[in-house]
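Visitor: There's a structure below that I have some questions on.
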Amino acid sequence: MHDRRQAVDGHRGPVSGREGRASMSRRSAPLNRLMTAAADVVGDRAPWLSDRVYRAVVVPLQWIDPAGWAGTADARLDDIRDRVAGMAATGHVGPGEPRRIQRDLTRTQEDIERIAPRLPAVRARILALRLAAYSEVLETLTGRPDTKNRRLRARDAVVLAGAAAGVWIGSVVTAASTAAVEGGVLAGVATAVGVAAVHSRRARKQRIEAVAGALTEIDQAIRGRNGEDPRVLDGDRRRLLERALRSGRLDARGVEILHRIDAHLDDLLIRLVDDDLEADAAHLVQASVARYLPDTLEPLLALPDSRAVVRGRPAAAEVADQLASIEKGLAEATRRPGRNRPETLLLLQGEFLRSKFGEPSV
C-alpha cells in the first residue's frame, strides 16, 4: 500500500527522472497492449503455455513501469466491457468468449496484486474496486447461470413439452389420414421448437444486455456522480503538489503542512471512491483539489522573485498560512465518521426526529 510519508513521488528524484518515467509510461502503453494481444493469441492456441509465457515476460516490466501496467489493466477491463456490449447487440456469445473473459479477469487480478504496492493509494483502490465489481457482474456469463435464468430455461422446457404432448394427443384422437397426422406432428414439433428458441434467444439477449448495462453503470459510478472523476482529481493534486515541492519556494512550515494535506487527501479520496463521505465533505475534497490548492500555490509558483513580500512578510509565510487553513478543513473532514457508520446514521436520525417533532421535554 502507498506509503503516506512519501505520498508524492516527486520528492524522491530530480525533475528529469520523474518526467522520464512519465514519458516511459506513455511510450510503453502501446507495447503493453501488443504484448497482451500476443499472449492472447498464444492463449487461444495453447492455453497451458499462455500464462507461463505471460508471467515470464510481463512481470519484470511491471516492476519497471507499474503506472503503465495500471493503464493496461484499465484498458483490458475496457475491452471486456466493449466485447460484452457487442454480445448484447447480437444476443450471441461465442463458444470461447466466457473462457477468454475469465482468463482476462484472472490475469488482471494477478497484475493488480503485483503492481498495487507500487501505485498511488487512490489509483490502486480504484483498480481493485473496478475489477471486483466487474468480476461479480460477469459471473453470470463466465460462471453458473443464476436462479432466474434457470427458471427461464425451465419455462422453455415446459413450453416445448406441452406443445409436443398436445401434438401426440391430437395424433391419437384424429386418425383421419396418415399423411395429415404426420404433417400435424411435424408442424407441431416445429412450432414448439420455434417457440422455445425464441424464448431462449430473448432471455439470453436480455441477460447479456443486463450485464453490459451493469458494466457501464460501474464505470459511470467510478467517474463520479458530479462529474468529478477521482482518478482525475488524484492525478491533478499529485502533479500540483510535486511542482510546489520541487520549486523550493515553500518554507519548512509550508512543506510540512503540504505533506499533511497530501495524507488527508489520500484518505478522503479513497473514501470518496468508496462513497463514504457526506456531501459537504465530498465537495470540500473536490474544491480543495480544483480551486483552493491551485489558487494558493499557483501564484507562488508564478512569482518572478521567490523573495517577494506580501503584507510585509515573505510570500512563503503567507502561503503557509493559507495552506494551514486548507489543512484544518481537510483534517476535520478526515476525523468525521463515514456516512455509513452506525454513529453517523444515529446522528442523522436524531437530527431528523428533532426537526420533525422538536426537542424532547426533560
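Identifiers for the C-alpha cells are assigned positionally: chains receive A, B, ... in sequence, residues are indexed from 1 per chain, and ligands are indexed from 1 in the order shown.
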Near A:Ala290, within 9 Å and counting only C-alpha atoms, which residues show up once chain neighbours fewer than 3 positions away are dropped, as number ranges by chain?

Guide: A: 233, 236-237, 285-287, 293-295

Visitor: Please indicate the distance in Å from atom CA of A:Gln62 to atom CA of A:Glu113, rounded to one decimal place.

Guide: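 For atom CA of A:Gln62 relative to atom CA of A:Glu113, the distance reads 10.9 Å.
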
Visitor: Tell me, as a PyMOL selection string, which residues lie within 12 Å of stretch 330-337 of chain A, counting only C-alpha atoms; anything in the same chain fewer than 6 positions away does not count.

Guide: chain A and resi 257-258+260-272+276-289+292-293+323-324+343-347

Visitor: A:Leu241, A:Ala85, A:Leu119, A:Leu303: which is nearest A:Trp69, counting only C-alpha atoms?

Guide: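 The shortest atom-to-atom distance to A:Trp69 comes from A:Leu119.
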
Visitor: Any idea what's packed within 8 Å of A:Gln322, counting only C-alpha atoms, ignoring anything in its chain fewer than 4 positions away? Could you give it as a list in words?

Guide: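 Listed by chain and then number, they are Thr296, Glu318 and Ile326 of chain A.
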
Visitor: Can you write just those residues out, N, CA and C atoms, as a PDB file, in the first residue's frame?

Guide:
```pdb
ATOM      1  N   THR A 296      -3.911  28.841  -4.236  1.00  0.00           N
ATOM      2  CA  THR A 296      -2.894  29.183  -3.244  1.00  0.00           C
ATOM      3  C   THR A 296      -1.486  29.004  -3.792  1.00  0.00           C
ATOM      4  N   GLU A 318       2.992  33.713   3.898  1.00  0.00           N
ATOM      5  CA  GLU A 318       1.573  33.900   3.595  1.00  0.00           C
ATOM      6  C   GLU A 318       0.967  32.620   3.022  1.00  0.00           C
ATOM      7  N   ILE A 326      -6.489  25.392   4.710  1.00  0.00           N
ATOM      8  CA  ILE A 326      -6.987  24.252   3.937  1.00  0.00           C
ATOM      9  C   ILE A 326      -6.800  22.963   4.731  1.00  0.00           C
TER      10      ILE A 326
END
```

Visitor: Using only C-alpha atoms, which residue out of A:Leu77, A:Leu245, A:Leu138, A:Met87 lies closest to A:Glu209?

Guide: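 Looking at the shortest contact to A:Glu209, the residue is A:Met87.
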
Visitor: Between A:Glu97, A:Ala116, A:Arg83, A:Arg103, which one has atoms that come closest to A:Pro66, using only C-alpha atoms?

Guide: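 Counting only C-alpha atoms, the residue closest to A:Pro66 is A:Ala116.
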